[in-house]
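The structure file model-v1.txt is reproduced below (compact mmCIF, C-alpha atoms (C1' of nucleotides)).
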```txt
# COMPACT_ATOMS: atom_id res chain seq x y z
CA MET A 109 -11.17 21.32 -23.42
CA PHE A 110 -12.83 17.95 -22.87
CA GLU A 111 -11.07 16.05 -25.65
CA PHE A 112 -8.55 14.39 -23.39
CA LEU A 113 -11.15 13.20 -20.89
CA HIS A 114 -13.29 11.95 -23.77
CA GLN A 115 -10.34 10.02 -25.14
CA LYS A 116 -9.48 8.46 -21.79
CA VAL A 117 -13.10 7.45 -21.15
CA ASN A 118 -13.35 5.92 -24.61
CA GLU A 119 -10.37 3.71 -23.86
CA THR A 120 -12.42 1.66 -21.42
CA ILE A 121 -16.11 2.09 -22.20
CA ASN A 122 -18.43 2.76 -25.15
CA ILE A 123 -20.29 5.99 -24.68
CA THR A 124 -22.67 7.90 -26.97
CA ASP A 125 -22.11 11.53 -27.88
CA GLU A 126 -25.26 12.50 -25.98
CA GLU A 127 -24.01 10.80 -22.85
CA PHE A 128 -20.67 12.56 -23.04
CA GLU A 129 -22.33 15.91 -23.76
CA TYR A 130 -24.34 15.37 -20.59
CA ALA A 131 -21.24 14.47 -18.62
CA LYS A 132 -19.50 17.65 -19.77
CA THR A 133 -22.15 19.79 -18.11
CA LEU A 134 -21.23 18.31 -14.71
CA PHE A 135 -17.54 19.23 -14.69
CA ILE A 136 -16.01 22.48 -13.51
CA PRO A 137 -12.83 23.54 -15.36
CA LYS A 138 -10.13 25.06 -13.20
CA LYS A 139 -6.58 26.26 -13.63
CA LEU A 140 -4.26 25.84 -10.68
CA ARG A 141 -0.86 27.49 -10.53
CA LYS A 142 2.23 25.76 -9.28
CA LYS A 143 2.48 25.50 -5.47
CA ARG A 144 -1.21 26.28 -5.01
CA PHE A 145 -3.39 23.84 -3.06
CA LEU A 146 -6.52 22.13 -4.33
CA LEU A 147 -7.18 20.57 -0.93
CA GLU A 148 -5.77 21.02 2.56
CA GLU A 149 -5.80 18.39 5.27
CA GLY A 150 -8.78 18.77 7.57
CA GLU A 151 -11.18 20.27 5.08
CA PRO A 152 -13.62 18.01 3.24
CA CYS A 153 -12.61 16.87 -0.25
CA VAL A 154 -15.45 18.40 -2.25
CA TYR A 155 -14.20 17.41 -5.70
CA THR A 156 -12.66 14.52 -7.47
CA THR A 157 -10.33 15.84 -10.12
CA PHE A 158 -9.27 14.86 -13.61
CA VAL A 159 -5.84 16.19 -14.55
CA GLU A 160 -5.91 17.48 -18.13
CA LYS A 161 -2.52 19.07 -18.00
CA GLY A 162 0.19 19.57 -15.41
CA LEU A 163 1.02 17.60 -12.31
CA LEU A 164 -0.41 17.31 -8.78
CA ARG A 165 0.59 15.44 -5.68
CA SER A 166 -1.48 14.17 -2.75
CA PHE A 167 0.42 13.87 0.52
CA THR A 168 0.25 13.86 4.30
CA VAL A 169 2.41 15.69 6.86
CA ASP A 170 3.28 13.79 10.06
CA ASP A 171 3.98 15.02 13.62
CA LYS A 172 7.62 15.68 12.84
CA GLY A 173 6.74 17.71 9.77
CA ASN A 174 7.81 15.02 7.34
CA GLU A 175 5.80 14.71 4.14
CA HIS A 176 4.62 11.38 2.74
CA ILE A 177 3.38 11.25 -0.83
CA LEU A 178 0.43 9.03 -1.69
CA GLN A 179 0.20 9.83 -5.35
CA PHE A 180 1.54 11.90 -8.21
CA GLY A 181 -1.42 12.99 -10.34
CA MET A 182 -0.20 13.17 -13.90
CA GLU A 183 -2.08 14.02 -17.11
CA GLY A 184 -5.02 11.67 -17.59
CA TRP A 185 -5.18 10.65 -13.93
CA TRP A 186 -7.75 11.30 -11.27
CA VAL A 187 -6.85 12.72 -7.87
CA ALA A 188 -8.86 13.04 -4.65
CA ASP A 189 -8.98 12.03 -1.02
CA LEU A 190 -11.39 9.23 -1.89
CA TYR A 191 -12.58 8.62 1.66
CA SER A 192 -13.28 12.26 2.33
CA PHE A 193 -14.93 12.68 -1.08
CA LEU A 194 -17.29 9.77 -0.44
CA THR A 195 -18.15 10.49 3.19
CA GLY A 196 -17.71 14.24 3.58
CA GLU A 197 -15.36 13.66 6.52
CA PRO A 198 -12.30 15.92 6.87
CA SER A 199 -9.55 14.88 4.47
CA GLU A 200 -6.35 13.18 5.57
CA TYR A 201 -4.42 14.42 2.57
CA ASN A 202 -3.22 17.65 1.02
CA ILE A 203 -3.36 18.08 -2.75
CA GLU A 204 -0.97 20.55 -4.34
CA ALA A 205 0.01 21.52 -7.88
CA LEU A 206 3.65 20.76 -8.73
CA GLU A 207 3.28 22.48 -12.12
CA ASP A 208 0.77 24.94 -13.56
CA SER A 209 -2.18 22.64 -14.16
CA GLU A 210 -5.51 22.45 -15.94
CA LEU A 211 -8.15 20.43 -14.14
CA LEU A 212 -11.72 19.21 -14.44
CA LEU A 213 -13.51 19.06 -11.09
CA ILE A 214 -16.70 17.21 -10.25
CA THR A 215 -18.64 17.35 -6.99
CA LYS A 216 -20.00 14.32 -5.14
CA SER A 217 -23.60 15.11 -6.04
CA SER A 218 -22.76 15.58 -9.74
CA TRP A 219 -20.75 12.39 -9.64
CA ASP A 220 -23.66 10.48 -8.09
CA LEU A 221 -25.90 11.91 -10.79
CA LEU A 222 -23.50 10.87 -13.51
CA LEU A 223 -23.31 7.30 -12.20
CA ASP A 224 -27.10 7.07 -12.00
CA GLU A 225 -27.81 8.60 -15.38
CA VAL A 226 -24.99 6.99 -17.36
CA PRO A 227 -24.28 3.44 -16.13
CA ALA A 228 -21.33 3.21 -18.49
CA PHE A 229 -19.58 5.69 -16.20
CA GLU A 230 -20.11 3.34 -13.29
CA ARG A 231 -18.06 0.82 -15.25
CA TYR A 232 -15.47 3.41 -16.18
CA PHE A 233 -14.90 4.34 -12.56
CA ARG A 234 -14.98 0.72 -11.42
CA THR A 235 -12.21 -0.05 -13.90
CA LEU A 236 -10.26 3.02 -12.90
CA ILE A 237 -10.43 2.17 -9.20
CA GLN A 238 -9.63 -1.46 -9.94
CA ASN A 239 -6.41 -0.53 -11.72
CA ASN A 240 -5.53 1.88 -8.96
CA LEU A 241 -6.07 -0.86 -6.38
CA ILE A 242 -3.83 -3.28 -8.27
CA ALA A 243 -1.10 -0.64 -8.51
CA THR A 244 -1.43 0.33 -4.84
CA GLN A 245 -1.29 -3.31 -3.72
CA ARG A 246 1.92 -3.77 -5.70
CA ARG A 247 3.43 -0.64 -4.23
CA LEU A 248 2.46 -1.82 -0.75
CA MET A 249 4.03 -5.23 -1.26
CA GLY A 250 7.13 -3.60 -2.70
CA THR A 251 7.39 -1.32 0.32
CA ILE A 252 7.12 -4.29 2.66
CA SER A 253 9.45 -6.64 0.85
CA THR A 254 12.06 -4.74 -1.16
CA THR A 255 14.93 -2.34 -0.45
CA ALA A 256 14.83 1.41 -1.03
CA GLU A 257 17.09 0.98 -4.07
CA GLU A 258 14.73 -1.52 -5.67
CA ARG A 259 11.77 0.76 -5.02
CA TYR A 260 13.64 3.68 -6.56
CA ASN A 261 14.47 1.71 -9.69
CA LYS A 262 10.89 0.51 -9.93
CA LEU A 263 9.66 4.09 -9.79
CA LEU A 264 12.05 5.20 -12.53
CA GLN A 265 10.90 2.26 -14.62
CA ASP A 266 7.20 3.04 -14.09
CA PHE A 267 7.59 6.80 -14.57
CA PRO A 268 10.78 7.49 -16.55
CA ARG A 269 10.09 11.24 -16.76
CA ILE A 270 9.38 11.69 -13.06
CA SER A 271 12.87 12.69 -11.96
CA GLN A 272 12.90 15.59 -14.42
CA ARG A 273 9.53 16.82 -13.20
CA VAL A 274 9.68 16.62 -9.41
CA PRO A 275 12.45 17.37 -6.89
CA GLN A 276 14.37 14.46 -5.42
CA HIS A 277 13.10 14.93 -1.89
CA MET A 278 9.56 14.22 -3.11
CA ILE A 279 10.70 11.09 -4.87
CA ALA A 280 12.34 10.09 -1.59
CA SER A 281 9.12 10.62 0.33
CA TYR A 282 7.19 8.64 -2.30
CA ILE A 283 9.40 5.58 -1.92
CA GLY A 284 9.45 6.00 1.85
CA VAL A 285 12.99 7.12 2.68
CA THR A 286 14.61 10.41 3.69
CA ARG A 287 16.12 12.75 1.12
CA GLU A 288 19.58 12.01 2.54
CA THR A 289 19.18 8.29 1.99
CA LEU A 290 18.01 8.77 -1.60
CA SER A 291 20.88 11.13 -2.26
CA ARG A 292 23.43 8.54 -1.07
CA LEU A 293 21.65 5.83 -3.04
CA ARG A 294 21.93 7.83 -6.24
CA SER A 295 25.62 8.57 -5.83
CA GLN A 296 26.31 4.88 -5.14
CA MET A 297 24.40 3.93 -8.27
CA THR A 298 26.26 6.28 -10.61
CA SER A 299 29.67 5.33 -9.18
CA GLY A 300 29.05 1.56 -9.18
CA MET B 738 -26.00 -21.25 1.67
CA PHE B 739 -26.25 -17.85 -0.06
CA GLU B 740 -27.81 -15.97 2.86
CA PHE B 741 -24.59 -14.31 3.95
CA LEU B 742 -23.68 -13.12 0.46
CA HIS B 743 -27.23 -11.85 0.00
CA GLN B 744 -26.98 -9.94 3.25
CA LYS B 745 -23.63 -8.37 2.36
CA VAL B 746 -24.84 -7.37 -1.09
CA ASN B 747 -27.98 -5.82 0.38
CA GLU B 748 -25.84 -3.63 2.61
CA THR B 749 -24.72 -1.57 -0.36
CA ILE B 750 -27.24 -1.99 -3.19
CA ASN B 751 -30.92 -2.66 -3.74
CA ILE B 752 -31.45 -5.87 -5.59
CA THR B 753 -34.61 -7.76 -6.57
CA ASP B 754 -35.13 -11.39 -5.62
CA GLU B 755 -35.06 -12.37 -9.30
CA GLU B 756 -31.71 -10.66 -9.76
CA PHE B 757 -30.22 -12.44 -6.77
CA GLU B 758 -31.68 -15.79 -7.88
CA TYR B 759 -29.92 -15.25 -11.18
CA ALA B 760 -26.68 -14.35 -9.45
CA LYS B 761 -26.83 -17.55 -7.39
CA THR B 762 -26.69 -19.69 -10.53
CA LEU B 763 -23.28 -18.20 -11.39
CA PHE B 764 -21.46 -19.14 -8.19
CA ILE B 765 -19.67 -22.40 -7.44
CA PRO B 766 -19.75 -23.47 -3.76
CA LYS B 767 -16.54 -25.01 -2.47
CA LYS B 768 -15.20 -26.22 0.84
CA LEU B 769 -11.49 -25.80 1.42
CA ARG B 770 -9.69 -27.47 4.30
CA LYS B 771 -7.07 -25.75 6.40
CA LYS B 772 -3.62 -25.50 4.75
CA ARG B 773 -5.04 -26.25 1.30
CA PHE B 774 -4.40 -23.82 -1.54
CA LEU B 775 -7.01 -22.11 -3.66
CA LEU B 776 -4.38 -20.54 -5.91
CA GLU B 777 -0.66 -21.02 -6.37
CA GLU B 778 1.71 -18.37 -7.72
CA GLY B 779 2.25 -18.75 -11.44
CA GLU B 780 -1.11 -20.23 -12.34
CA PRO B 781 -3.92 -17.98 -13.56
CA CYS B 782 -6.44 -16.83 -10.97
CA VAL B 783 -9.58 -18.34 -12.47
CA TYR B 784 -11.96 -17.36 -9.68
CA THR B 785 -12.74 -14.46 -7.46
CA THR B 786 -13.90 -15.79 -4.13
CA PHE B 787 -16.44 -14.80 -1.50
CA VAL B 788 -15.58 -16.14 1.95
CA GLU B 789 -18.75 -17.41 3.65
CA LYS B 790 -16.98 -19.03 6.53
CA GLY B 791 -13.40 -19.54 7.62
CA LEU B 792 -10.26 -17.58 6.83
CA LEU B 793 -7.90 -17.31 3.87
CA ARG B 794 -4.71 -15.43 3.21
CA SER B 795 -3.16 -14.16 -0.03
CA PHE B 796 0.62 -13.86 0.03
CA THR B 797 3.84 -13.86 -1.97
CA VAL B 798 7.12 -15.69 -1.35
CA ASP B 799 10.34 -13.81 -2.16
CA ASP B 800 13.78 -15.05 -3.29
CA LYS B 801 14.87 -15.72 0.27
CA GLY B 802 11.77 -17.75 1.01
CA ASN B 803 10.18 -15.04 3.13
CA GLU B 804 6.41 -14.73 2.96
CA HIS B 805 4.64 -11.39 2.60
CA ILE B 806 0.91 -11.24 3.28
CA LEU B 807 -1.27 -9.01 1.12
CA GLN B 808 -4.60 -9.82 2.72
CA PHE B 809 -6.42 -11.88 5.28
CA GLY B 810 -9.74 -12.97 3.74
CA MET B 811 -12.25 -13.16 6.55
CA GLU B 812 -15.97 -13.99 6.49
CA GLY B 813 -17.81 -11.64 4.15
CA TRP B 814 -14.72 -10.61 2.25
CA TRP B 815 -13.62 -11.24 -1.31
CA VAL B 816 -10.24 -12.67 -2.19
CA ALA B 817 -8.42 -13.00 -5.52
CA ASP B 818 -5.32 -11.99 -7.41
CA LEU B 819 -7.24 -9.20 -9.08
CA TYR B 820 -4.73 -8.57 -11.86
CA SER B 821 -4.50 -12.22 -12.79
CA PHE B 822 -8.28 -12.63 -12.57
CA LEU B 823 -8.87 -9.71 -14.94
CA THR B 824 -6.13 -10.43 -17.47
CA GLY B 825 -5.59 -14.17 -17.30
CA GLU B 826 -1.86 -13.60 -16.67
CA PRO B 827 -0.07 -15.88 -14.18
CA SER B 828 -0.82 -14.87 -10.61
CA GLU B 829 1.73 -13.17 -8.35
CA TYR B 830 0.04 -14.41 -5.19
CA ASN B 831 -0.74 -17.64 -3.40
CA ILE B 832 -4.09 -18.07 -1.68
CA GLU B 833 -4.32 -20.54 1.19
CA ALA B 834 -6.93 -21.52 3.79
CA LEU B 835 -5.88 -20.77 7.37
CA GLU B 836 -9.03 -22.47 8.70
CA ASP B 837 -11.51 -24.93 7.23
CA SER B 838 -13.47 -22.62 4.95
CA GLU B 839 -16.66 -22.41 2.90
CA LEU B 840 -16.36 -20.39 -0.28
CA LEU B 841 -18.37 -19.15 -3.22
CA LEU B 842 -16.34 -19.00 -6.43
CA ILE B 843 -17.16 -17.14 -9.61
CA THR B 844 -15.25 -17.27 -12.91
CA LYS B 845 -14.31 -14.24 -14.98
CA SER B 846 -16.87 -15.03 -17.68
CA SER B 847 -19.68 -15.47 -15.13
CA TRP B 848 -18.60 -12.31 -13.43
CA ASP B 849 -18.67 -10.38 -16.72
CA LEU B 850 -22.13 -11.81 -17.35
CA LEU B 851 -23.30 -10.77 -13.90
CA LEU B 852 -22.07 -7.20 -14.38
CA ASP B 853 -23.76 -6.96 -17.79
CA GLU B 854 -27.07 -8.50 -16.72
CA VAL B 855 -27.38 -6.87 -13.30
CA PRO B 856 -25.95 -3.34 -13.30
CA ALA B 857 -26.54 -3.08 -9.56
CA PHE B 858 -23.69 -5.58 -9.17
CA GLU B 859 -21.43 -3.23 -11.05
CA ARG B 860 -22.12 -0.72 -8.30
CA TYR B 861 -21.67 -3.33 -5.59
CA PHE B 862 -18.23 -4.26 -6.87
CA ARG B 863 -17.28 -0.66 -7.49
CA THR B 864 -18.08 0.13 -3.87
CA LEU B 865 -16.24 -2.95 -2.66
CA ILE B 866 -13.11 -2.11 -4.63
CA GLN B 867 -13.35 1.51 -3.56
CA ASN B 868 -13.32 0.58 0.12
CA ASN B 869 -10.50 -1.84 -0.47
CA LEU B 870 -8.51 0.90 -2.22
CA ILE B 871 -9.04 3.32 0.68
CA ALA B 872 -7.92 0.68 3.19
CA THR B 873 -4.90 -0.30 1.08
CA GLN B 874 -3.84 3.33 0.66
CA ARG B 875 -3.99 3.79 4.42
CA ARG B 876 -1.98 0.67 5.02
CA LEU B 877 0.59 1.83 2.47
CA MET B 878 0.94 5.24 4.08
CA GLY B 879 1.21 3.59 7.48
CA THR B 880 3.96 1.31 6.21
CA ILE B 881 5.87 4.29 4.84
CA SER B 882 5.44 6.62 7.78
CA THR B 883 4.98 4.71 11.04
CA THR B 884 7.00 2.29 13.17
CA ALA B 885 6.42 -1.46 13.39
CA GLU B 886 4.87 -1.04 16.82
CA GLU B 887 2.34 1.50 15.57
CA ARG B 888 1.44 -0.77 12.66
CA TYR B 889 0.98 -3.69 15.03
CA ASN B 890 -1.33 -1.71 17.31
CA LYS B 891 -3.28 -0.50 14.30
CA LEU B 892 -3.78 -4.08 13.16
CA LEU B 893 -5.01 -5.20 16.58
CA GLN B 894 -7.36 -2.24 16.62
CA ASP B 895 -8.74 -3.00 13.14
CA PHE B 896 -8.98 -6.77 13.71
CA PRO B 897 -9.15 -7.48 17.45
CA ARG B 898 -9.67 -11.22 16.92
CA ILE B 899 -6.80 -11.69 14.49
CA SER B 900 -4.15 -12.70 17.00
CA GLN B 901 -6.29 -15.59 18.22
CA ARG B 902 -6.89 -16.82 14.69
CA VAL B 903 -3.50 -16.63 12.96
CA PRO B 904 0.03 -17.38 14.12
CA GLN B 905 2.28 -14.48 15.10
CA HIS B 906 4.73 -14.96 12.26
CA MET B 907 1.93 -14.25 9.78
CA ILE B 908 0.98 -11.11 11.63
CA ALA B 909 4.64 -10.12 11.46
CA SER B 910 4.74 -10.65 7.72
CA TYR B 911 1.50 -8.66 7.32
CA ILE B 912 2.93 -5.60 9.06
CA GLY B 913 6.24 -6.02 7.27
CA VAL B 914 8.69 -7.17 9.94
CA THR B 915 10.34 -10.47 10.83
CA ARG B 916 8.82 -12.79 13.41
CA GLU B 917 11.74 -12.11 15.76
CA THR B 918 11.11 -8.38 15.68
CA LEU B 919 7.41 -8.84 16.40
CA SER B 920 8.22 -11.20 19.26
CA ARG B 921 10.51 -8.64 20.88
CA LEU B 922 7.94 -5.91 20.29
CA ARG B 923 5.28 -7.90 22.10
CA SER B 924 7.43 -8.66 25.12
CA GLN B 925 8.37 -4.96 25.40
CA MET B 926 4.72 -3.99 25.24
CA THR B 927 3.56 -6.33 28.00
CA SER B 928 6.46 -5.39 30.29
CA GLY B 929 6.12 -1.61 29.75
C1' DA C 55 19.93 42.68 -9.11
C1' DA C 56 19.52 41.43 -4.62
C1' DA C 57 17.44 38.65 -1.26
C1' DA C 58 15.17 34.70 0.12
C1' DA C 59 13.95 30.23 -0.21
C1' DA C 60 14.27 25.68 -1.94
C1' DC C 61 17.24 22.10 -3.25
C1' DC C 62 21.04 18.74 -2.99
C1' DG C 63 25.15 16.52 -1.23
C1' DT C 64 27.90 14.68 2.53
C1' DG C 65 30.07 13.62 7.05
C1' DA C 66 29.43 11.79 11.98
C1' DC C 67 26.63 9.36 14.71
C1' DA C 68 22.24 6.95 16.43
C1' DT C 69 18.78 3.41 16.00
C1' DA C 70 15.31 0.28 14.37
C1' DC C 71 15.18 -3.78 12.40
C1' DA C 72 17.28 -8.06 10.04
C1' DT C 73 19.96 -12.13 10.36
C1' DC C 74 21.73 -16.24 12.41
C1' DA C 75 21.73 -19.54 15.96
C1' DC C 76 19.74 -22.23 19.53
C1' DA C 77 16.24 -23.75 22.96
C1' DT C 78 11.60 -24.62 24.35
C1' DC C 79 6.96 -25.40 23.76
C1' DC C 80 2.85 -26.90 21.37
C1' DA C 81 0.00 -29.27 17.94
C1' DT C 82 -0.76 -32.56 14.44
C1' DT C 83 0.07 -36.92 12.51
C1' DT C 84 0.93 -41.80 12.60
C1' DA D 45 2.32 -42.48 23.01
C1' DA D 46 5.86 -41.30 20.21
C1' DA D 47 7.41 -38.53 16.70
C1' DT D 48 7.57 -34.95 13.59
C1' DG D 49 7.07 -30.34 12.27
C1' DG D 50 5.36 -25.77 13.31
C1' DA D 51 5.52 -21.94 16.38
C1' DT D 52 7.58 -18.78 19.78
C1' DG D 53 11.22 -16.57 22.61
C1' DT D 54 15.83 -14.70 23.16
C1' DG D 55 20.80 -13.64 22.71
C1' DA D 56 24.76 -11.80 19.71
C1' DT D 57 25.80 -9.37 15.90
C1' DG D 58 25.28 -6.92 11.32
C1' DT D 59 23.24 -3.44 8.28
C1' DA D 60 20.17 -0.25 6.17
C1' DT D 61 18.27 3.77 7.08
C1' DG D 62 17.27 7.88 10.13
C1' DT D 63 18.88 12.12 12.45
C1' DC D 64 21.54 16.21 12.96
C1' DA D 65 24.55 19.54 11.16
C1' DC D 66 26.76 22.23 7.66
C1' DG D 67 27.89 24.21 2.98
C1' DG D 68 27.25 25.06 -1.71
C1' DT D 69 24.20 25.59 -5.62
C1' DT D 70 20.09 26.65 -8.03
C1' DT D 71 15.59 28.61 -8.38
C1' DT D 72 12.08 31.78 -7.08
C1' DT D 73 10.50 36.03 -5.27
C1' DT D 74 10.62 40.92 -4.56
```

Please rewrite the model in this file as structure tokens.
Amino acid sequence: MFEFLHQKVNETINITDEEFEYAKTLFIPKKLRKKRFLLEEGEPCVYTTFVEKGLLRSFTVDDKGNEHILQFGMEGWWVADLYSFLTGEPSEYNIEALEDSELLLITKSSWDLLLDEVPAFERYFRTLIQNNLIATQRRLMGTISTTAEERYNKLLQDFPRISQRVPQHMIASYIGVTRETLSRLRSQMTSG
Amino acid sequence: MFEFLHQKVNETINITDEEFEYAKTLFIPKKLRKKRFLLEEGEPCVYTTFVEKGLLRSFTVDDKGNEHILQFGMEGWWVADLYSFLTGEPSEYNIEALEDSELLLITKSSWDLLLDEVPAFERYFRTLIQNNLIATQRRLMGTISTTAEERYNKLLQDFPRISQRVPQHMIASYIGVTRETLSRLRSQMTSG
DNA sequence: AAAAAACCGTGACATACATCACATCCATTT
DNA sequence: AAATGGATGTGATGTATGTCACGGTTTTTT
């Protein structure tokens, strides 16, 4: 059950078996069926979550009812409302399963414990957050400076399987356009 | 010369005087005059930089010659092309002084040393990057889901002094519109 | 199997923003 | 003090994308 997490952790840090055995005691396994929510906007984000299997999304809903996707949480990724997790403030994001998923949850207090007891995990998370920051900065700059078509192609390049796994209207909301615009974009692309 | 850095570090971690004395030996002080570059796109980002005084910006230039600002680096902030700094790959960003500035530079190897020798710094940087990630995610979601006017107001709210310190066309490129659009926005706002 | 809901495409029209062009104003340099 | 370049404002026009409306198809639920 913890093999995948162990593997991912080992990719960035060296960790003893004892340390990982200790870490295992802090996680809560959970299965989440498709369309079920792990977190709803307004409630505090109690857990940060490692996705062993399946697919999640974190997203907001604006005044007009439009959804805006922050992140797809694929196998091997971590998902949370980071601000809410760290501060206990109400979350800004919803987190929902897009497929039947298997998750490992950890609370803030367990997480703090883990970072204190096993400094290597501090480095693991620092690296994780670092890579996430780099990716988010690139996505931000792309959103500011490129067209919807370029952003769509970039997404397909970064996640080739994504369009088989999630509906088009979510892809649209990830790249920041309406479903109609993405639909027209796609038909242009196949014709031209 | 290191008082400000010391103060900022102390805001998030507990650090002994010996540890900070050690840290001081790893930094390179540098003054950078207005309009001078700390980093140009294409060259590796050798340093990550603490801004003691002054103001920097990191930005890209696209095919059409338009600039897009990733970050304003104000007093107490860190600035770098993180990806290039970590990997040694050519940088995607330029970094330029917008005011006469006083900086503390640290190389990748010194930084690695610092993180190994003083684990508290690992936590300091993890926290720093974490906060940066949260802010960048918010800016990204704002860029996807709100109008230029809302983004402009948000910027003024977050950095009330910014419009006295940097020209309007840079503010425009930060929020992702042309200088003409921002100009029209501003005249609408004062009239209405 | 039937019903309901989600998904996707497409036309007509509206709008926010970009682009291009020109004028003025201000600051920095020599 | 003159000169150069940077910065800002504003008009005319173009374009990408949003909004609203409808229909057909597929998937999920009961």

All residues 10 Å or closer to DG53 of chain D, only C-alpha atoms (C1' of nucleotides), same chain fewer than 3 positions away omitted, as a PDB file with C-alpha atoms (C1' of nucleotides), keeping the file's coordinate frame:
```pdb
ATOM      1  CA  GLU B 917      11.740 -12.110  15.760  1.00  0.00           C
ATOM      2  CA  SER B 920       8.220 -11.200  19.260  1.00  0.00           C
ATOM      3  CA  ARG B 921      10.510  -8.640  20.880  1.00  0.00           C
ATOM      4  CA  SER B 924       7.430  -8.660  25.120  1.00  0.00           C
TER       5      SER B 924
ATOM      6  C1'  DA C  77      16.240 -23.750  22.960  1.00  0.00           C
ATOM      7  C1'  DT C  78      11.600 -24.620  24.350  1.00  0.00           C
ATOM      8  C1'  DC C  79       6.960 -25.400  23.760  1.00  0.00           C
TER       9       DC C  79
END
```

Per-residue nearest contacts of chain A to chain C (12 Å; all atoms listed in the file) as a Markdown table:
```
| residue | atom | partner | partner_atom | distance |
| --- | --- | --- | --- | --- |
| A:Val274 | CA | C:DC61 | C1' | 11.2 |
| A:Pro275 | CA | C:DC61 | C1' | 7.7 |
| A:Gln276 | CA | C:DC62 | C1' | 8.3 |
| A:His277 | CA | C:DC61 | C1' | 8.4 |
| A:Met278 | CA | C:DC61 | C1' | 11.0 |
| A:Arg287 | CA | C:DC62 | C1' | 8.8 |
| A:Glu288 | CA | C:DG63 | C1' | 8.1 |
| A:Thr289 | CA | C:DG63 | C1' | 10.7 |
| A:Leu290 | CA | C:DC62 | C1' | 10.5 |
| A:Ser291 | CA | C:DG63 | C1' | 7.0 |
| A:Arg292 | CA | C:DG63 | C1' | 8.2 |
| A:Leu293 | CA | C:DG63 | C1' | 11.4 |
| A:Arg294 | CA | C:DG63 | C1' | 10.5 |
| A:Ser295 | CA | C:DG63 | C1' | 9.2 |
```

Filtering to C-alpha atoms, could you give me those residues as a PDB file, in the coordinates of the input?
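As written to disk, part19.pdb reads:
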```pdb
ATOM      1  CA  VAL A 274       9.680  16.620  -9.410  1.00  0.00           C
ATOM      2  CA  PRO A 275      12.450  17.370  -6.890  1.00  0.00           C
ATOM      3  CA  GLN A 276      14.370  14.460  -5.420  1.00  0.00           C
ATOM      4  CA  HIS A 277      13.100  14.930  -1.890  1.00  0.00           C
ATOM      5  CA  MET A 278       9.560  14.220  -3.110  1.00  0.00           C
ATOM      6  CA  ARG A 287      16.120  12.750   1.120  1.00  0.00           C
ATOM      7  CA  GLU A 288      19.580  12.010   2.540  1.00  0.00           C
ATOM      8  CA  THR A 289      19.180   8.290   1.990  1.00  0.00           C
ATOM      9  CA  LEU A 290      18.010   8.770  -1.600  1.00  0.00           C
ATOM     10  CA  SER A 291      20.880  11.130  -2.260  1.00  0.00           C
ATOM     11  CA  ARG A 292      23.430   8.540  -1.070  1.00  0.00           C
ATOM     12  CA  LEU A 293      21.650   5.830  -3.040  1.00  0.00           C
ATOM     13  CA  ARG A 294      21.930   7.830  -6.240  1.00  0.00           C
ATOM     14  CA  SER A 295      25.620   8.570  -5.830  1.00  0.00           C
TER      15      SER A 295
END
```

Any chance you could tabulate, as JSON lines, the residues of chain D at most 9 Å from chain B with each one's nearest atom pair and distance in Å to one decimal, using all atoms listed in the file, in chain and rising number order?
```
{"residue": "D:DA51", "atom": "C1'", "partner": "B:Pro904", "partner_atom": "CA", "distance": 7.5}
{"residue": "D:DT52", "atom": "C1'", "partner": "B:Ser920", "partner_atom": "CA", "distance": 7.6}
{"residue": "D:DG53", "atom": "C1'", "partner": "B:Ser920", "partner_atom": "CA", "distance": 7.0}
{"residue": "D:DT54", "atom": "C1'", "partner": "B:Arg921", "partner_atom": "CA", "distance": 8.4}
```

So how far away is atom CA of Phe787 of chain B from atom CA of Leu842 of chain B, in Å?
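About the pair atom CA of Leu842 of chain B and atom CA of Phe787 of chain B: they are 6.5 Å apart.
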
Env of Val816 of chain B: 7 Å cut, atoms = only C-alpha atoms (C1' of nucleotides), seq-sep filter 5 positions within chain, self excluded. Answer as a VMD selection string.
chain B and resid 785 to 787 810

For the residues in the current selection, export C-alpha atoms as a CSV table (one decimal), in the frame of the given file.
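Written file, part.csv:
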```
chain,number,residue,atom,x,y,z
B,785,THR,CA,-12.7,-14.5,-7.5
B,786,THR,CA,-13.9,-15.8,-4.1
B,787,PHE,CA,-16.4,-14.8,-1.5
B,810,GLY,CA,-9.7,-13.0,3.7
```

Separation of atom CA of Lys768 of chain B from atom CA of Ala817 of chain B in Å
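If I compute the distance from atom CA of Ala817 of chain B to atom CA of Lys768 of chain B, I get 16.2 Å.
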
Atom-to-atom span, atom CA of Phe809 of chain B and atom CA of Ile899 of chain B, Å:
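One can read the atom CA of Phe809 of chain B to atom CA of Ile899 of chain B distance as 9.2 Å.
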
So that I can see what lies close to Met811 of chain B, please list as a PyMOL selection string the residues with an atom at most 10 Å from it, counting all atoms listed in the file and leaving out residues fewer than 3 positions away in the same chain.
chain B and resi 787-794+808+814-816+835+838+899

Using 4 Å of padding on each side, determine the axis-aligned box around all atoms of segment 55-72 of chain D present in the file and give its centre and edge lengths in Å to one decimal, as lines of an AutoDock Vina configuration file.
```
center_x = 20.0
center_y = 9.1
center_z = 7.2
size_x = 23.8
size_y = 53.4
size_z = 39.1
```
